[in-house]
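The file data_21.cif comes next; it holds mmCIF, C-alpha atoms and all ligand atoms.
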```
data_upload
loop_
_atom_site.label_atom_id
_atom_site.label_comp_id
_atom_site.auth_asym_id
_atom_site.auth_seq_id
_atom_site.Cartn_x
_atom_site.Cartn_y
_atom_site.Cartn_z
CA MET X 1468 0.00 0.00 0.00
CA THR X 1469 1.68 3.22 -1.12
CA ASN X 1470 -0.79 5.82 0.14
CA ASN X 1471 -1.28 5.19 3.84
CA THR X 1472 -2.01 8.77 4.88
CA LEU X 1473 -5.65 8.36 5.90
CA LEU X 1474 -5.32 4.99 7.57
CA ALA X 1475 -2.70 6.13 10.05
CA ASN X 1476 -2.75 6.57 13.82
CA VAL X 1477 -6.38 6.82 14.95
CA PRO X 1478 -7.88 5.03 11.93
CA VAL X 1479 -5.28 2.26 12.23
CA ASP X 1480 -6.01 1.91 15.94
CA LEU X 1481 -9.72 1.62 15.09
CA MET X 1482 -8.88 -1.27 12.74
CA TYR X 1483 -6.95 -3.02 15.49
CA GLN X 1484 -9.75 -2.35 17.98
CA ALA X 1485 -12.20 -3.84 15.48
CA LEU X 1486 -10.05 -6.97 15.17
CA GLU X 1487 -9.72 -7.33 18.93
CA THR X 1488 -13.48 -6.79 19.38
CA GLU X 1489 -14.21 -9.61 16.93
CA LYS X 1490 -11.66 -11.91 18.58
CA GLY X 1491 -13.19 -11.12 21.98
CA GLY X 1492 -16.61 -11.73 20.42
CA VAL X 1493 -15.64 -15.32 19.61
CA GLN X 1494 -14.74 -15.91 23.27
CA ILE X 1495 -17.86 -14.11 24.48
CA TYR X 1496 -20.26 -16.14 22.28
CA THR X 1497 -18.47 -19.38 23.17
CA THR X 1498 -18.99 -18.62 26.88
CA ALA X 1499 -22.53 -17.19 26.42
CA LEU X 1500 -23.59 -20.37 24.61
CA ARG X 1501 -22.71 -22.38 27.71
CA LEU X 1502 -25.22 -20.25 29.65
CA ALA X 1503 -27.98 -20.11 27.04
CA ILE X 1504 -30.89 -22.38 27.96
CA ASN X 1505 -33.49 -21.11 25.46
CA LYS X 1506 -33.24 -23.27 22.32
CA GLU X 1507 -33.98 -20.46 19.86
CA LEU X 1508 -31.48 -18.15 21.56
CA ARG X 1509 -28.85 -20.88 21.30
CA GLU X 1510 -29.54 -21.18 17.56
CA GLU X 1511 -29.18 -17.41 17.11
CA TRP X 1512 -25.95 -17.18 19.08
CA ASN X 1513 -24.48 -20.22 17.29
CA LYS X 1514 -25.11 -18.37 14.01
CA TYR X 1515 -23.59 -15.16 15.39
CA LEU X 1516 -20.53 -17.08 16.64
CA GLU X 1517 -19.85 -18.42 13.14
CA GLN X 1518 -20.36 -14.94 11.63
CA THR X 1519 -18.03 -13.41 14.24
CA LYS X 1520 -15.32 -15.96 13.40
CA ASN X 1521 -15.63 -14.81 9.79
CA HIS X 1522 -15.40 -11.14 10.90
CA VAL X 1523 -12.05 -11.92 12.57
CA GLN X 1524 -10.82 -13.16 9.19
CA VAL X 1525 -12.28 -10.17 7.31
CA VAL X 1526 -10.53 -7.60 9.53
CA SER X 1527 -7.27 -9.59 9.59
CA ASP X 1528 -7.31 -9.67 5.78
CA ILE X 1529 -7.82 -5.89 5.57
CA LEU X 1530 -4.90 -5.24 7.94
CA THR X 1531 -2.68 -7.61 5.98
CA ALA X 1532 -3.69 -5.97 2.68
CA LEU X 1533 -2.76 -2.60 4.18
CA GLY X 1534 0.70 -3.94 4.96
CA LEU X 1535 -0.03 -4.11 8.71
CA ASP X 1536 0.67 -6.98 11.11
CA PRO X 1537 -2.64 -8.31 12.52
CA ASP X 1538 -0.76 -9.46 15.63
CA ALA X 1539 0.73 -6.03 16.42
CA GLU X 1540 -0.24 -4.55 19.78
CA THR X 1541 -1.81 -1.08 20.12
CA PRO X 1542 -3.00 0.73 23.26
CA GLY X 1543 -6.60 0.76 22.05
CA ARG X 1544 -6.55 -2.92 21.27
CA LYS X 1545 -5.21 -3.70 24.74
CA VAL X 1546 -8.17 -1.88 26.32
CA VAL X 1547 -10.65 -3.70 24.08
CA ARG X 1548 -9.06 -7.06 25.00
CA TYR X 1549 -9.39 -6.20 28.70
CA LEU X 1550 -13.07 -5.42 28.19
CA GLY X 1551 -13.68 -8.72 26.35
CA THR X 1552 -11.85 -10.73 29.00
CA SER X 1553 -13.88 -8.94 31.70
CA LEU X 1554 -17.15 -9.87 30.00
CA VAL X 1555 -16.09 -13.52 29.80
CA LYS X 1556 -15.13 -13.45 33.51
CA THR X 1557 -18.49 -11.82 34.33
CA MET X 1558 -20.33 -14.69 32.66
CA GLU X 1559 -18.14 -17.27 34.38
CA LEU X 1560 -18.97 -15.63 37.72
CA ALA X 1561 -22.69 -15.75 36.89
CA SER X 1562 -22.46 -19.43 35.96
CA ARG X 1563 -20.99 -20.16 39.40
CA CYS X 1564 -23.24 -17.88 41.49
CA ALA X 1565 -26.55 -17.46 39.70
CA ASP X 1566 -29.43 -19.76 38.82
CA PRO X 1567 -29.55 -20.83 35.14
CA GLN X 1568 -32.24 -18.31 34.17
CA ALA X 1569 -30.34 -15.39 35.77
CA ALA X 1570 -27.03 -16.56 34.28
CA GLN X 1571 -28.62 -16.63 30.82
CA ILE X 1572 -29.69 -12.99 31.31
CA VAL X 1573 -26.14 -12.03 32.35
CA ALA X 1574 -24.86 -13.70 29.18
CA ALA X 1575 -27.34 -11.74 27.07
CA GLU X 1576 -26.31 -8.48 28.74
CA CYS X 1577 -22.63 -9.27 28.12
CA VAL X 1578 -23.34 -9.97 24.44
CA VAL X 1579 -25.15 -6.61 24.17
CA HIS X 1580 -22.16 -4.82 25.77
CA ALA X 1581 -19.78 -6.47 23.31
CA GLU X 1582 -22.01 -5.96 20.28
CA THR X 1583 -22.52 -2.26 21.10
CA LYS X 1584 -18.78 -1.73 20.63
CA ASP X 1585 -18.67 -4.04 17.61
CA HIS X 1586 -21.57 -2.17 15.97
CA LEU X 1587 -19.89 1.20 16.59
CA ASN X 1588 -16.60 -0.05 15.12
CA TRP X 1589 -18.29 -1.03 11.86
CA GLU X 1590 -20.33 2.16 11.71
CA LEU X 1591 -17.06 4.12 11.97
CA LEU X 1592 -15.30 1.86 9.46
CA GLY X 1593 -18.17 2.60 7.07
CA GLU X 1594 -17.62 6.34 7.55
CA LEU X 1595 -13.91 5.83 7.01
CA ALA X 1596 -14.55 3.87 3.82
CA LYS X 1597 -16.57 6.77 2.38
CA LYS X 1598 -13.71 9.23 2.92
CA ALA X 1599 -10.81 6.92 2.11
CA THR X 1600 -8.76 6.92 -1.08
CA ALA X 1601 -10.07 4.73 -3.89
CA GLU X 1602 -7.48 2.09 -3.02
CA GLU X 1603 -8.40 2.06 0.68
CA SER X 1604 -12.10 2.22 -0.03
CA ALA X 1605 -11.82 -0.81 -2.31
CA LEU X 1606 -10.63 -2.73 0.75
CA LEU X 1607 -12.97 -1.30 3.37
CA MET X 1608 -16.27 -0.86 1.55
CA PRO X 1609 -16.89 -4.50 0.51
CA ALA X 1610 -16.03 -5.63 4.05
CA TYR X 1611 -18.36 -3.01 5.53
CA GLU X 1612 -21.20 -4.00 3.19
CA GLN X 1613 -20.71 -7.68 4.02
CA VAL X 1614 -20.46 -7.33 7.80
CA GLU X 1615 -22.58 -4.31 8.78
CA GLN X 1616 -25.98 -5.97 8.38
CA GLU X 1617 -24.87 -8.94 10.46
CA GLU X 1618 -23.70 -6.54 13.18
CA ASP X 1619 -27.14 -4.87 13.18
CA GLU X 1620 -28.72 -8.27 13.78
CA HIS X 1621 -26.27 -9.20 16.53
CA LEU X 1622 -26.95 -5.98 18.45
CA TYR X 1623 -30.65 -5.32 17.92
CA HIS X 1624 -31.84 -8.92 18.17
CA THR X 1625 -29.82 -9.67 21.30
CA THR X 1626 -31.04 -6.41 22.87
CA GLY X 1627 -34.58 -7.70 22.29
CA TRP X 1628 -33.73 -11.08 23.79
CA THR X 1629 -32.21 -9.41 26.87
CA ARG X 1630 -35.27 -7.24 27.47
CA GLU X 1631 -37.75 -10.11 27.03
CA LEU X 1632 -35.75 -12.53 29.19
CA TRP X 1633 -35.77 -9.89 31.92
CA ILE X 1634 -39.53 -9.36 31.52
CA GLN X 1635 -40.06 -13.13 31.69
CA ALA X 1636 -37.97 -13.28 34.89
CA LEU X 1637 -40.13 -10.48 36.32
CA GLN X 1638 -43.10 -12.76 35.63
CA MET X 1639 -44.66 -10.31 33.21
CA PRO X 1640 -45.87 -11.25 29.71
CA ALA X 1641 -42.75 -11.68 27.58
CA VAL X 1642 -42.58 -11.88 23.79
CA LEU X 1643 -40.20 -14.73 22.94
CA PRO X 1644 -38.57 -14.83 20.48
CA PRO X 1645 -38.43 -11.01 20.64
CA PRO X 1646 -40.16 -8.93 17.93
CA GLU X 1647 -36.73 -7.66 16.79
CA GLU X 1648 -35.91 -11.21 15.69
CA VAL X 1649 -39.31 -12.17 14.31
CA GLN X 1650 -39.48 -8.92 12.28
CA LYS X 1651 -35.85 -9.41 11.14
CA VAL X 1652 -34.92 -5.90 12.29
CA ASP X 1653 -31.69 -4.56 10.83
CA ASN X 1654 -31.60 -0.87 11.77
CA ALA X 1655 -32.24 1.39 14.76
CA ILE X 1656 -35.61 2.70 13.47
CA GLU X 1657 -36.95 -0.83 12.92
CA ALA X 1658 -35.61 -1.83 16.35
CA ALA X 1659 -37.54 1.03 17.98
CA GLN X 1660 -40.70 0.05 16.06
CA ALA X 1661 -40.28 -3.60 17.06
CA LYS X 1662 -39.83 -2.62 20.69
CA LYS X 1663 -42.99 -0.51 20.50
CA SER X 1664 -44.92 -3.41 18.90
CA ARG X 1665 -44.03 -5.70 21.81
CA THR X 1666 -46.51 -3.86 24.03
CA ALA X 1667 -49.34 -4.78 21.64
CA ASN X 1668 -48.08 -8.37 21.42
CA ALA X 1669 -47.78 -8.67 25.19
CA LYS X 1670 -51.27 -7.18 25.62
CA ALA X 1671 -52.61 -9.68 23.10
CA THR X 1672 -50.99 -12.50 25.09
CA THR X 1673 -52.50 -11.14 28.31
CA ASN X 1674 -55.94 -10.70 26.72
CA ALA X 1675 -55.78 -14.25 25.37
CA LYS X 1676 -55.60 -15.37 28.99
CA VAL X 1677 -58.56 -13.21 30.04
CA PRO X 1678 -61.36 -15.68 29.23
CA ALA X 1679 -59.74 -18.29 31.50
CA ASN X 1680 -59.33 -15.73 34.30
CA ALA X 1681 -62.83 -14.41 33.73
CA LYS X 1682 -64.16 -17.99 33.87
CA ALA X 1683 -62.43 -18.53 37.21
CA LYS X 1684 -63.86 -15.27 38.58
CA LYS X 1685 -67.34 -16.21 37.35
CA ALA X 1686 -67.08 -19.61 39.00
CA SER X 1687 -65.97 -18.14 42.34
CA ALA X 1688 -68.78 -15.57 42.15
CA ARG X 1689 -71.36 -18.35 41.95
FE FE S 1 -18.77 -8.80 14.52
#
```
Take the structure in this file and express it as structure tokens.
Amino acid sequence: MTNNTLLANVPVDLMYQALETEKGGVQIYTTALRLAINKELREEWNKYLEQTKNHVQVVSDILTALGLDPDAETPGRKVVRYLGTSLVKTMELASRCADPQAAQIVAAECVVHAETKDHLNWELLGELAKKATAEESALLMPAYEQVEQEEDEHLYHTTGWTRELWIQALQMPAVLPPPEEVQKVDNAIEAAQAKKSRTANAKATTNAKVPANAKAKKASAR
């Protein structure tokens, strides 16, 4: 790569942070899967784990193509690694101390923490790709277009799972799988709409139970 002026310093550190986030993601999903008891959630996270393994390769390939060593250490990458390791340790703690349902929620929260960073990385890489030289953009843009939609799914769908698993634990009507997943949400606006629609879905679930409750009340009134 002859022109490396844009992808220097901060942009390069972002690339290394992105790689470390994906590598941490593999560890986080591997651990989270041990805590996942819902069958459909396990299926989702298994899919995300495979996609995340591919993202590690995608970012490593970009760094290599830019003439950079994917194994080089940077301060930003070190911090990201610490965060990933902390999330894995958090889940391990939950698996020792919490009941299976609570540990599953901790795992979902940890995935959301990790995917929030992952999603931001790719959003920024997309911005970088738009402003990069033609040569740099040719590397970044196809990767961004391939990965970004998967990152949307990882973040928005798991956020929905986390909320509904919490609502279920609170013994309130939960919508499982969450509307974000059922509606195949892949952007923030759709995620907000899906979240809003859950109230109607939950109400419908509650109303569906009303005849039985009403029957019981009628019987006791007699
Ligand atoms: Fe990813």
Between X:Val1652, X:Ala1574, X:Leu1595, X:Leu1530, smallest distance to Pro1478 of chain X by all atoms listed in the file belongs to X:Leu1595
Hey, which of X:Lys1663, X:His1621, X:Arg1501, X:Lys1514 ends up closest to His1580 of chain X? Count only C-alpha atoms.
X:His1621
Under the rule that only C-alpha atoms are counted, which of X:Ala1659, X:Ile1572, X:Cys1577, X:Ala1667 is the nearest residue to Arg1630 of chain X?
X:Ile1572
When distances are computed from only C-alpha atoms, which of X:Asp1619, X:Glu1511, X:Glu1631, X:Glu1594 shows the smallest separation from Glu1657 of chain X?
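Ranking X:Asp1619, X:Glu1511, X:Glu1631, X:Glu1594 by distance to Glu1657 of chain X, first place goes to X:Asp1619.
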For ligand FE 1 (chain S), collect every residue having any atom at a distance of at most 7 Å from a ligand atom (counting only C-alpha atoms and all ligand atoms); output as a PyMOL selection string.
chain X and resi 1489+1492+1518-1519+1522+1585+1618
Which residue, X:Asn1654, X:Asn1513, X:Thr1552, X:Thr1498, has the smallest gap to Glu1590 of chain X when you use all atoms listed in the file?
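Closest candidate: X:Asn1654.
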What's around segment 1604-1613 of chain X at 9 Å? Count only C-alpha atoms, leave out sequence neighbours fewer than 2 positions away in its own chain, and write the answer as a list of chain:residue names.
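Within the cut-off, the hits are X:His1522, X:Val1525, X:Val1526, X:Ile1529, X:Ala1532, X:Leu1533, X:Trp1589, X:Glu1590, X:Leu1592, X:Gly1593, X:Leu1595, X:Ala1596, X:Lys1597, X:Lys1598, X:Ala1599, X:Thr1600, X:Ala1601, X:Glu1602, X:Glu1615, X:Gln1616, X:Glu1617.
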Selection above as a file: C-alpha atoms, as a compact mmCIF listing (two decimals), keeping the file's coordinate frame:
```
# COMPACT_ATOMS: atom_id res chain seq x y z
CA HIS X 1522 -15.40 -11.14 10.90
CA VAL X 1525 -12.28 -10.17 7.31
CA VAL X 1526 -10.53 -7.60 9.53
CA ILE X 1529 -7.82 -5.89 5.57
CA ALA X 1532 -3.69 -5.97 2.68
CA LEU X 1533 -2.76 -2.60 4.18
CA TRP X 1589 -18.29 -1.03 11.86
CA GLU X 1590 -20.33 2.16 11.71
CA LEU X 1592 -15.30 1.86 9.46
CA GLY X 1593 -18.17 2.60 7.07
CA LEU X 1595 -13.91 5.83 7.01
CA ALA X 1596 -14.55 3.87 3.82
CA LYS X 1597 -16.57 6.77 2.38
CA LYS X 1598 -13.71 9.23 2.92
CA ALA X 1599 -10.81 6.92 2.11
CA THR X 1600 -8.76 6.92 -1.08
CA ALA X 1601 -10.07 4.73 -3.89
CA GLU X 1602 -7.48 2.09 -3.02
CA GLU X 1615 -22.58 -4.31 8.78
CA GLN X 1616 -25.98 -5.97 8.38
CA GLU X 1617 -24.87 -8.94 10.46
```
Anything within 8 Å of (-41.6, -6.9, 15.1): list those residues as a PyMOL selection string, counting all atoms listed in the file and sticking to the file's coordinates.
chain X and resi 1645-1652+1657-1658+1660-1662+1664-1665
Which one of X:Ala1565, X:Val1523, X:Val1547, X:Ala1570 sits closest to Leu1500 of chain X if you count all atoms listed in the file?
X:Ala1570
Please, what distance in Å, to one decimal, runs between atom CA of Ile1634 of chain X and atom CA of Gln1571 of chain X?
13.1 Å
Name the residues in contact with segment 1541-1545 of chain X at a cut-off of 10 Å, using all atoms listed in the file, excluding same-chain residues fewer than 6 positions from it; report them as an NGL selection string.
:X and (1476-1477 or 1479-1488 or 1551)
Between atom CA of Leu1591 of chain X and atom CA of Val1573 of chain X - distance in Å to one decimal
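According to the coordinates, atom CA of Val1573 of chain X and atom CA of Leu1591 of chain X are separated by 27.5 Å.
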Atom-to-atom span, atom CA of Lys1520 of chain X and atom CA of Ala1561 of chain X, Å:
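Separation between atom CA of Lys1520 of chain X and atom CA of Ala1561 of chain X: 24.6 Å.
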